[in-house]
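With TSV, C-alpha atoms inside, this is upload.tsv:
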chain	number	residue	atom	x	y	z
A	12	MET	CA	12.77	-26.35	38.00
A	13	ASN	CA	16.32	-27.65	37.47
A	14	ASN	CA	18.34	-24.71	38.84
A	15	SER	CA	21.66	-26.42	38.18
A	16	TRP	CA	20.86	-26.73	34.47
A	17	VAL	CA	19.73	-23.09	34.29
A	18	LYS	CA	22.96	-21.97	35.96
A	19	TYR	CA	24.90	-24.09	33.48
A	20	ALA	CA	22.98	-22.59	30.52
A	21	ILE	CA	23.47	-18.99	31.68
A	22	ASN	CA	27.18	-19.63	32.21
A	23	GLU	CA	27.48	-21.08	28.70
A	24	ILE	CA	25.88	-17.98	27.16
A	25	ASN	CA	28.02	-15.61	29.23
A	26	ALA	CA	31.11	-17.59	28.24
A	27	ASP	CA	30.16	-17.15	24.58
A	28	ALA	CA	29.98	-13.39	25.10
A	29	GLN	CA	33.48	-13.40	26.57
A	30	ARG	CA	34.82	-15.45	23.66
A	31	SER	CA	33.38	-12.99	21.15
A	32	ALA	CA	35.45	-9.86	20.59
A	33	ASP	CA	33.67	-6.61	19.75
A	34	THR	CA	32.73	-6.05	16.12
A	35	HIS	CA	34.73	-3.71	13.89
A	36	LEU	CA	33.84	-0.12	13.09
A	37	ILE	CA	34.80	0.52	9.46
A	38	ARG	CA	35.45	4.08	8.27
A	39	LEU	CA	34.31	4.55	4.69
A	40	THR	CA	36.29	7.27	2.95
A	41	LEU	CA	34.27	8.93	0.18
A	42	THR	CA	35.87	11.88	-1.62
A	43	GLY	CA	32.45	13.27	-2.45
A	44	PHE	CA	31.85	14.14	1.20
A	45	PRO	CA	34.78	16.26	2.44
A	46	GLY	CA	34.75	16.73	6.20
A	47	ILE	CA	32.05	14.07	6.60
A	48	ASN	CA	33.05	10.62	7.85
A	49	LEU	CA	30.80	7.61	7.34
A	50	TYR	CA	31.18	4.46	9.44
A	51	LEU	CA	29.82	0.93	9.23
A	52	LYS	CA	29.48	-1.11	12.42
A	53	ASP	CA	30.27	-4.57	11.02
A	54	GLU	CA	27.91	-7.00	12.73
A	55	SER	CA	28.61	-9.72	10.16
A	56	THR	CA	31.68	-10.78	12.18
A	57	HIS	CA	29.62	-12.37	14.98
A	58	PRO	CA	29.85	-16.20	15.18
A	59	THR	CA	26.48	-16.53	13.42
A	60	GLY	CA	27.23	-13.80	10.90
A	61	SER	CA	24.77	-11.03	11.72
A	62	LEU	CA	23.52	-8.36	14.09
A	63	LYS	CA	20.98	-10.88	15.41
A	64	HIS	CA	23.65	-12.76	17.38
A	65	ARG	CA	23.40	-10.01	20.02
A	66	LEU	CA	19.61	-10.28	20.08
A	67	ALA	CA	19.58	-14.09	20.30
A	68	ARG	CA	22.01	-14.03	23.23
A	69	SER	CA	19.80	-11.49	25.05
A	70	LEU	CA	16.58	-13.40	24.32
A	71	PHE	CA	18.01	-16.67	25.64
A	72	LEU	CA	19.22	-14.99	28.82
A	73	TYR	CA	15.84	-13.29	29.21
A	74	GLY	CA	13.97	-16.57	28.76
A	75	LEU	CA	16.26	-18.46	31.14
A	76	CYS	CA	16.15	-15.83	33.87
A	77	ASN	CA	12.35	-15.56	33.60
A	78	GLY	CA	11.99	-19.33	34.02
A	79	TRP	CA	10.55	-19.81	30.54
A	80	ILE	CA	13.41	-21.93	29.18
A	81	LYS	CA	14.24	-25.15	30.99
A	82	GLU	CA	16.27	-28.24	30.21
A	83	GLY	CA	14.76	-29.90	27.13
A	84	THR	CA	12.48	-26.95	26.21
A	85	THR	CA	11.75	-26.72	22.48
A	86	ILE	CA	12.54	-23.19	21.29
A	87	ILE	CA	10.29	-21.73	18.59
A	88	GLU	CA	10.83	-18.44	16.78
A	89	ALA	CA	9.06	-16.45	14.09
A	90	SER	CA	11.86	-15.27	11.82
A	91	SER	CA	12.72	-14.61	8.18
A	92	GLY	CA	16.20	-15.98	8.76
A	93	SER	CA	18.97	-14.18	10.61
A	94	THR	CA	17.43	-14.27	14.09
A	95	ALA	CA	16.57	-17.92	13.56
A	96	ILE	CA	20.15	-18.72	12.51
A	97	SER	CA	21.51	-17.13	15.68
A	98	GLU	CA	18.90	-18.74	17.92
A	99	ALA	CA	19.56	-22.14	16.33
A	100	TRP	CA	23.24	-21.68	17.19
A	101	PHE	CA	22.48	-20.89	20.84
A	102	ALA	CA	19.94	-23.72	21.05
A	103	ARG	CA	22.63	-26.13	19.86
A	104	LEU	CA	25.03	-24.67	22.44
A	105	LEU	CA	22.51	-25.56	25.17
A	106	GLY	CA	21.31	-28.84	23.64
A	107	LEU	CA	17.76	-27.61	23.01
A	108	PRO	CA	15.49	-28.41	20.03
A	109	PHE	CA	14.81	-25.40	17.78
A	110	ILE	CA	12.10	-24.65	15.19
A	111	ALA	CA	12.05	-21.56	12.96
A	112	VAL	CA	8.70	-20.48	11.55
A	113	MET	CA	9.31	-18.59	8.32
A	114	PRO	CA	7.84	-17.76	4.89
A	115	TYR	CA	8.56	-20.12	1.98
A	116	CYS	CA	10.39	-17.28	0.18
A	117	THR	CA	13.21	-17.12	2.77
A	118	ALA	CA	16.67	-17.27	1.18
A	119	LYS	CA	17.89	-20.85	0.72
A	120	ARG	CA	21.27	-20.09	2.32
A	121	LYS	CA	19.54	-19.02	5.55
A	122	VAL	CA	17.47	-22.21	5.65
A	123	GLU	CA	20.64	-24.25	5.16
A	124	GLN	CA	22.40	-22.44	8.00
A	125	ILE	CA	19.51	-23.02	10.42
A	126	GLU	CA	19.57	-26.72	9.54
A	127	PHE	CA	23.37	-26.79	9.84
A	128	TYR	CA	23.03	-25.70	13.47
A	129	GLY	CA	20.51	-28.47	14.09
A	130	GLY	CA	17.35	-26.39	13.77
A	131	ARG	CA	14.21	-27.27	11.83
A	132	CYS	CA	12.37	-24.91	9.47
A	133	HIS	CA	8.58	-24.77	9.51
A	134	PHE	CA	7.26	-22.87	6.49
A	135	VAL	CA	4.15	-20.71	6.02
A	136	ASP	CA	2.82	-18.97	2.92
A	137	SER	CA	3.30	-15.36	4.02
A	138	ALA	CA	5.10	-13.27	6.62
A	139	CYS	CA	1.75	-12.38	8.20
A	140	GLU	CA	1.22	-16.01	9.30
A	141	ILE	CA	4.42	-16.53	11.30
A	142	TYR	CA	3.14	-15.15	14.62
A	143	ALA	CA	0.02	-17.30	15.07
A	144	GLU	CA	1.75	-20.41	13.76
A	145	SER	CA	4.62	-19.95	16.23
A	146	GLU	CA	2.15	-19.61	19.09
A	147	ARG	CA	0.29	-22.73	17.91
A	148	LEU	CA	3.49	-24.80	17.71
A	149	ALA	CA	4.66	-23.65	21.15
A	150	LYS	CA	1.34	-24.67	22.68
A	151	GLU	CA	1.26	-27.98	20.82
A	152	LEU	CA	4.83	-28.93	21.79
A	153	ASN	CA	4.81	-27.34	25.26
A	154	GLY	CA	7.72	-25.25	24.04
A	155	HIS	CA	8.75	-21.63	24.39
A	156	TYR	CA	7.96	-19.07	21.67
A	157	MET	CA	10.84	-16.59	21.91
A	158	ASP	CA	8.77	-13.83	20.22
A	159	GLN	CA	11.59	-11.50	19.23
A	160	PHE	CA	9.06	-8.95	18.00
A	161	THR	CA	7.70	-8.43	21.51
A	162	PHE	CA	10.74	-8.97	23.71
A	163	ALA	CA	13.62	-7.50	21.69
A	164	GLU	CA	13.28	-4.03	23.21
A	165	ARG	CA	13.25	-5.27	26.81
A	166	ALA	CA	15.69	-8.22	26.68
A	167	THR	CA	18.71	-5.99	25.99
A	168	ASP	CA	20.11	-3.68	28.66
A	169	TRP	CA	20.00	-0.31	26.87
A	170	ARG	CA	21.78	1.57	29.66
A	171	GLY	CA	25.15	0.00	28.88
A	172	ASN	CA	26.49	-3.53	29.46
A	173	ASN	CA	28.35	-3.50	26.12
A	174	ASN	CA	25.21	-3.16	24.03
A	175	ILE	CA	25.65	-2.05	20.43
A	176	ALA	CA	25.11	1.64	21.21
A	177	ASP	CA	27.68	1.63	24.01
A	178	SER	CA	30.10	-0.14	21.66
A	179	ILE	CA	29.62	2.43	18.87
A	180	PHE	CA	30.30	5.44	21.10
A	181	ARG	CA	33.33	3.81	22.72
A	182	GLN	CA	34.82	3.01	19.31
A	183	MET	CA	34.14	6.53	18.04
A	184	LYS	CA	35.92	8.36	20.86
A	185	ASN	CA	39.23	8.87	18.99
A	186	GLU	CA	37.67	9.75	15.63
A	187	PRO	CA	37.72	13.31	14.17
A	188	HIS	CA	34.03	13.75	15.06
A	189	PRO	CA	33.53	11.37	18.02
A	190	VAL	CA	29.85	12.15	18.63
A	191	PRO	CA	27.97	11.22	15.45
A	192	GLU	CA	25.54	13.61	13.86
A	193	ALA	CA	23.30	10.59	13.30
A	194	ILE	CA	23.08	6.83	13.68
A	195	VAL	CA	21.16	5.33	10.78
A	196	MET	CA	19.56	1.92	10.94
A	197	SER	CA	16.65	-0.14	9.72
A	198	ALA	CA	14.07	-1.83	11.92
A	199	GLY	CA	13.07	-5.49	11.97
A	200	THR	CA	11.90	-6.16	15.49
A	201	GLY	CA	12.54	-2.58	16.53
A	202	GLY	CA	14.70	-3.76	19.41
A	203	THR	CA	18.00	-2.33	18.18
A	204	SER	CA	16.54	1.07	17.37
A	205	ALA	CA	14.96	1.12	20.84
A	206	THR	CA	18.31	0.27	22.44
A	207	ILE	CA	20.22	2.93	20.50
A	208	GLY	CA	17.57	5.62	20.94
A	209	ARG	CA	17.30	5.06	24.69
A	210	TYR	CA	21.08	4.96	25.12
A	211	ILE	CA	21.53	8.26	23.26
A	212	ARG	CA	19.04	9.95	25.58
A	213	CYS	CA	20.40	8.29	28.72
A	214	GLN	CA	23.93	9.49	27.95
A	215	GLY	CA	22.85	12.98	26.86
A	216	TYR	CA	24.29	12.84	23.32
A	217	ASP	CA	23.05	15.19	20.60
A	218	THR	CA	23.12	12.35	18.05
A	219	ARG	CA	19.94	11.84	16.02
A	220	LEU	CA	18.50	8.35	15.53
A	221	VAL	CA	17.32	7.97	11.93
A	222	VAL	CA	15.39	4.81	11.05
A	223	VAL	CA	15.13	3.77	7.40
A	224	ASP	CA	12.21	1.62	6.32
A	225	PRO	CA	11.79	-0.45	3.13
A	226	GLU	CA	8.71	-0.70	0.94
A	227	ASN	CA	5.71	-2.67	2.23
A	228	SER	CA	6.65	-2.02	5.85
A	229	VAL	CA	4.34	-0.20	8.24
A	230	PHE	CA	6.94	1.30	10.59
A	231	PHE	CA	7.28	4.56	8.63
A	232	ASP	CA	3.51	5.10	8.47
A	233	TYR	CA	3.15	4.24	12.16
A	234	TRP	CA	5.86	6.73	13.12
A	235	GLN	CA	3.90	9.43	11.32
A	236	GLN	CA	0.37	8.41	12.28
A	237	ARG	CA	0.75	6.43	15.55
A	238	ASP	CA	-1.89	3.96	14.36
A	239	SER	CA	-0.95	0.56	15.80
A	240	THR	CA	-3.62	-1.22	13.73
A	241	LEU	CA	-1.72	-0.62	10.47
A	242	ARG	CA	-1.16	-3.73	8.36
A	243	SER	CA	0.55	-4.45	5.05
A	244	PRO	CA	-0.76	-7.39	3.00
A	245	ILE	CA	2.63	-7.75	1.28
A	246	GLY	CA	5.84	-8.79	3.02
A	247	SER	CA	9.09	-6.88	2.63
A	248	LYS	CA	11.49	-7.96	-0.14
A	249	ILE	CA	14.41	-6.81	2.02
A	250	GLU	CA	14.91	-9.78	4.30
A	251	GLY	CA	15.32	-9.12	8.00
A	252	ILE	CA	13.82	-5.62	8.06
A	253	GLY	CA	10.43	-4.07	7.51
A	254	ARG	CA	7.30	-5.65	8.99
A	255	PRO	CA	3.67	-6.11	7.86
A	256	ARG	CA	2.42	-5.01	11.30
A	257	VAL	CA	3.55	-2.65	14.05
A	258	GLU	CA	5.79	-4.77	16.27
A	259	PRO	CA	5.57	-4.24	20.05
A	260	SER	CA	9.35	-3.70	20.26
A	261	PHE	CA	9.30	-0.70	17.92
A	262	ILE	CA	9.41	2.39	20.15
A	263	ALA	CA	8.50	5.29	17.86
A	264	ASP	CA	9.17	8.05	20.37
A	265	VAL	CA	12.93	7.38	20.52
A	266	VAL	CA	13.23	7.85	16.73
A	267	ASP	CA	14.11	11.38	15.58
A	268	GLU	CA	13.55	10.89	11.86
A	269	MET	CA	12.43	8.20	9.43
A	270	LEU	CA	13.06	7.70	5.72
A	271	ARG	CA	11.32	5.31	3.34
A	272	VAL	CA	13.77	3.57	0.99
A	273	PRO	CA	12.75	1.96	-2.33
A	274	ASP	CA	13.72	-1.72	-2.52
A	275	ALA	CA	15.62	-1.16	-5.76
A	276	ALA	CA	17.68	1.57	-4.05
A	277	SER	CA	18.51	-0.83	-1.20
A	278	VAL	CA	19.83	-3.52	-3.53
A	279	ALA	CA	21.66	-1.03	-5.76
A	280	THR	CA	23.39	0.43	-2.70
A	281	ALA	CA	24.32	-3.02	-1.41
A	282	GLN	CA	25.92	-3.85	-4.76
A	283	TRP	CA	27.69	-0.46	-4.82
A	284	LEU	CA	29.07	-1.10	-1.32
A	285	GLU	CA	30.78	-4.22	-2.64
A	286	THR	CA	32.90	-1.92	-4.83
A	287	GLN	CA	33.89	0.08	-1.73
A	288	LEU	CA	34.52	-2.77	0.72
A	289	GLY	CA	35.64	-5.59	-1.56
A	290	ARG	CA	32.95	-7.94	-0.21
A	291	LYS	CA	29.22	-8.44	-0.47
A	292	VAL	CA	26.71	-7.17	2.07
A	293	GLY	CA	23.03	-7.89	2.57
A	294	ALA	CA	20.27	-5.66	1.23
A	295	SER	CA	19.34	-4.39	4.70
A	296	THR	CA	22.83	-2.89	4.85
A	297	GLY	CA	22.04	-1.30	1.49
A	298	THR	CA	18.91	0.24	3.02
A	299	ASN	CA	20.97	1.60	5.91
A	300	MET	CA	23.68	2.99	3.63
A	301	TRP	CA	21.19	4.64	1.28
A	302	GLY	CA	19.82	6.56	4.25
A	303	ALA	CA	23.33	7.47	5.44
A	304	LEU	CA	24.22	8.80	1.99
A	305	GLN	CA	21.10	10.98	1.92
A	306	LEU	CA	22.05	12.49	5.29
A	307	ALA	CA	25.65	13.00	4.18
A	308	ALA	CA	24.45	14.83	1.07
A	309	GLN	CA	22.22	17.04	3.22
A	310	MET	CA	25.15	17.89	5.53
A	311	ARG	CA	27.35	18.66	2.51
A	312	ASN	CA	24.73	20.96	1.01
A	313	GLU	CA	24.44	22.80	4.33
A	314	GLY	CA	28.22	23.11	4.67
A	315	ARG	CA	28.34	21.01	7.84
A	316	HIS	CA	31.04	18.55	8.90
A	317	GLY	CA	30.63	15.53	11.18
A	318	SER	CA	30.19	11.80	11.29
A	319	ILE	CA	27.41	9.34	10.48
A	320	VAL	CA	27.32	5.74	11.72
A	321	THR	CA	25.25	2.93	10.25
A	322	LEU	CA	25.17	-0.87	10.50
A	323	LEU	CA	26.54	-3.62	8.30
A	324	CYS	CA	23.95	-6.20	9.31
A	325	ASP	CA	25.12	-9.36	7.55
A	326	SER	CA	27.12	-10.77	4.65
A	327	GLY	CA	25.83	-10.76	1.09
A	328	GLU	CA	26.94	-14.37	0.69
A	329	ARG	CA	23.56	-15.36	2.09
A	330	TYR	CA	21.82	-13.69	-0.85
A	331	LEU	CA	23.66	-14.95	-3.93
A	332	GLU	CA	20.44	-16.41	-5.31
A	333	THR	CA	18.47	-13.19	-4.81
A	334	TYR	CA	20.06	-9.74	-4.44
A	335	TYR	CA	23.20	-10.76	-6.35
A	336	ASN	CA	21.34	-12.75	-9.01
A	337	PRO	CA	20.59	-10.45	-12.01
A	338	GLN	CA	17.60	-12.56	-13.06
A	339	TRP	CA	16.01	-12.42	-9.61
A	340	VAL	CA	16.65	-8.69	-9.34
A	341	ALA	CA	15.15	-7.98	-12.77
A	342	ALA	CA	12.07	-10.09	-12.03
A	343	ASN	CA	11.44	-8.72	-8.54
A	344	LEU	CA	12.80	-5.16	-8.60
A	345	GLY	CA	13.19	-4.18	-12.25
A	346	ASP	CA	16.12	-2.17	-13.55
A	347	ILE	CA	18.36	-0.98	-10.70
A	348	GLU	CA	20.91	0.77	-12.95
A	349	PRO	CA	19.22	4.20	-12.59
A	350	TRP	CA	19.64	3.85	-8.81
A	351	LYS	CA	23.32	3.01	-9.23
A	352	ALA	CA	23.67	6.12	-11.39
A	353	GLN	CA	22.08	8.18	-8.60
A	354	ILE	CA	24.58	6.78	-6.10
A	355	ALA	CA	27.50	7.57	-8.41
A	356	LEU	CA	26.23	11.16	-8.79
A	357	LEU	CA	25.56	11.52	-5.06
A	358	THR	CA	29.02	10.32	-4.01
A	359	SER	CA	31.06	12.12	-6.68
A	360	PRO	CA	33.04	15.29	-5.77
A	361	GLN	CA	30.83	18.35	-6.17
Is it possible to express this structure as structure tokens?
Amino acid sequence: MNNSWVKYAINEINADAQRSADTHLIRLTLTGFPGINLYLKDESTHPTGSLKHRLARSLFLYGLCNGWIKEGTTIIEASSGSTAISEAWFARLLGLPFIAVMPYCTAKRKVEQIEFYGGRCHFVDSACEIYAESERLAKELNGHYMDQFTFAERATDWRGNNNIADSIFRQMKNEPHPVPEAIVMSAGTGGTSATIGRYIRCQGYDTRLVVVDPENSVFFDYWQQRDSTLRSPIGSKIEGIGRPRVEPSFIADVVDEMLRVPDAASVATAQWLETQLGRKVGASTGTNMWGALQLAAQMRNEGRHGSIVTLLCDSGERYLETYYNPQWVAANLGDIEPWKAQIALLTSPQ
């Protein structure tokens, strides 16, 4: 083992963390929710444009420190896009070959970004095939399969160390309601929800962790039934979240509540958020925000005040050909105008 190269690689990754400032916490002022503050943790400002930059950094450190990644190791990942983009960036930083195994339906912009960072895309027909194909490639090439779906929950230090949960609570400390009623987020690997849920318990906060799940994902059913054999034959239309199987990194017992969100509601909410922020966001952010709005409405109806935090996962510029293309939306989701009308009614002064 070349210890000098490993030391160099770890130093490079730690240097990247120091160069990256913390992401912004945006307060969204909605007149329809008096006394209730909604916040978006803007993860799109990372160097690779999404929440997955944190995960990729942790996975590389985990692989290096475990002796799995060495000089010249080919890195392979099963990913629908954002994790692969971030891992391709880190692989380029360390001079390592990178291959992303992904479904053919992955957004073109994501494929282009992976290739821009020097990665290669290896396509399969469905999301269900990415795991076995990644394992096969790693064995064939004597490479390392990062396996975000297994290692996401253990690669990140959930006790602190500037993880996303620690960052949220530090940034909230001067707000009118510094301890959120709830943190709302969607699950892809399950790693971020595990980190936030564990951190909340470790620090003794009364904040609830609410996980929102799109259609054709098994996380919601697993949370209710605890059946790890659940499978969905159809992949999620909301890229980056929802899974056709129960991922090892999804820790159901740290989740206080789950909501299932229709795909059309996710996209409608993402498009509505553009009118509030002045920029496009991805559909997973729409899923998150739909859940946050439901909780805000519940608090309003009960006469409660407080704060709700959710995540802005990535920019909508990656999805111009899908979620912001009326033809694609009509063909894949149908008419989303009724959902936009629901949002307008939900957020209007009562």
- request: Would you list the contacts of Gly327 (chain A) as an MDAnalysis selection string, taking every protein, DNA or RNA residue within 10 Å and counting all atoms listed in the file, but skipping same-chain residues closer than 2 positions in sequence?
  value: chainID A and resid 55 281:282 285 290:296 324:325 329:331 333:335
message: Env of Gln305 (chain A): 10 Å cut, atoms = all atoms listed in the file, seq-sep filter 6 positions within chain, self excluded. Answer as a list of chain:residue names.
response: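 Once the adjacent positions are removed, what remains is A:Leu270, A:Arg311, A:Ile354, A:Leu357, A:Thr358.
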Considering all atoms listed in the file, give me a table of residues in region 141-178 of chain A that are at most 12 Å from region 78-99 of chain A, with the closest atom pair and distance in Å for each, as a Markdown table.
| residue | atom | partner | partner_atom | distance |
| --- | --- | --- | --- | --- |
| A:Ile141 | CA | A:Ala89 | CA | 5.4 |
| A:Tyr142 | CA | A:Ala89 | CA | 6.1 |
| A:Ala143 | CA | A:Ala89 | CA | 9.1 |
| A:Glu144 | CA | A:Ala89 | CA | 8.3 |
| A:Ser145 | CA | A:Ala89 | CA | 6.0 |
| A:Glu146 | CA | A:Ile87 | CA | 8.4 |
| A:Arg147 | CA | A:Ile87 | CA | 10.1 |
| A:Leu148 | CA | A:Ile87 | CA | 7.5 |
| A:Ala149 | CA | A:Ile87 | CA | 6.5 |
| A:Lys150 | CA | A:Ile87 | CA | 10.3 |
| A:Glu151 | CA | A:Thr85 | CA | 10.7 |
| A:Leu152 | CA | A:Thr85 | CA | 7.3 |
| A:Asn153 | CA | A:Thr85 | CA | 7.5 |
| A:Gly154 | CA | A:Thr85 | CA | 4.6 |
| A:His155 | CA | A:Ile86 | CA | 5.1 |
| A:Tyr156 | CA | A:Ile87 | CA | 4.7 |
| A:Met157 | CA | A:Glu88 | CA | 5.5 |
| A:Asp158 | CA | A:Glu88 | CA | 6.1 |
| A:Gln159 | CA | A:Glu88 | CA | 7.4 |
| A:Phe160 | CA | A:Ala89 | CA | 8.5 |
| A:Thr161 | CA | A:Ala89 | CA | 11.0 |
| A:Phe162 | CA | A:Glu88 | CA | 11.7 |
| A:Ala163 | CA | A:Thr94 | CA | 10.9 |
query: Closest to Pro259 (chain A) among A:Tyr115, A:Tyr19, A:Trp283, A:Phe230, using all atoms listed in the file?
result: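 Smallest separation from Pro259 (chain A) among the options: A:Phe230.
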query: Quick one: of A:His316, A:His188, A:Arg242, A:Lys63, who's nearest to Gly202 (chain A), counting all atoms listed in the file?
result: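 Smallest distance to Gly202 (chain A) is found for A:Lys63.
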Non-local contacts of Pro225 (chain A) (12 Å; all atoms listed in the file; under 6 positions in same chain excluded) as an NGL selection string: :A and (196-199 or 231-232 or 245-255 or 269-278 or 294-299 or 301-302)
field: All residues 12 Å or closer to region 40-45 of chain A, all atoms listed in the file, same chain fewer than 5 positions away omitted, as a ChimeraX atom specification
entry: /A:50-51,284,287-288,303-319,354-361
Quick one: everything within 7 Å of region 102-106 of chain A, counting all atoms listed in the file, minus sequence neighbours fewer than 6 positions away in the same chain. Send it as a PDB file with C-alpha atoms, in the frame of the given file.
ATOM      1  CA  ALA A  20      22.980 -22.590  30.520  1.00  0.00           C
ATOM      2  CA  TYR A 128      23.030 -25.700  13.470  1.00  0.00           C
ATOM      3  CA  GLY A 129      20.510 -28.470  14.090  1.00  0.00           C
TER       4      GLY A 129
END
task: Go through A:Gly289, A:Pro58, A:Gly74, A:Pro349 one by one, measure the shortest atom-to-atom distance of each to Leu39 (chain A) using all atoms listed in the file, and give the residue with the smallest value.
output: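 That would be A:Gly289, the residue with the smallest distance to Leu39 (chain A).
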message: Using only C-alpha atoms for the distances, tell me which of A:Thr56, A:Ile194, A:Gln338, A:Phe134 is nearest to Cys116 (chain A).
response: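 Going through A:Thr56, A:Ile194, A:Gln338, A:Phe134 one by one, the smallest distance to Cys116 (chain A) is for A:Phe134.
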Using the file's own x, y and z axes, so that the box edges lie along x, y and z, what centre and edge lengths in Å (one decimal) does a box around every listed atom of region 225-244 of chain A get when 6 Å is added on each side? Give it as AutoDock Vina command-line options.
--center_x 4.1 --center_y 1.0 --center_z 8.4 --size_x 27.4 --size_y 28.8 --size_z 26.9
- request: In Å, rounded to a single decimal, give me how far CA of Ser15 (chain A) is from CA of Gln29 (chain A).
  value: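 CA of Ser15 (chain A) lies at a distance of 21.1 Å from CA of Gln29 (chain A).
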Atom-to-atom span, CA of Ala279 (chain A) and CA of Pro337 (chain A), Å: 11.4 Å
message: Calculated over all atoms listed in the file, which of the candidates A:Thr206, A:Gln214, A:Thr200, A:Asn336 has the smallest distance to Ser228 (chain A)?
response: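 Of the candidates, the smallest distance to Ser228 (chain A) is held by A:Thr200.
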message: Between CA of Trp169 (chain A) and CA of Tyr210 (chain A), what is the distance in Å, rounded to a tenth?
response: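 According to the coordinates, CA of Trp169 (chain A) and CA of Tyr210 (chain A) are separated by 5.7 Å.
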field: Selection as a PyMOL selection string: residues within 6 Å of (15.9, 6.6, 21.2), counting all atoms listed in the file
entry: chain A and resi 205+207-209+265-266
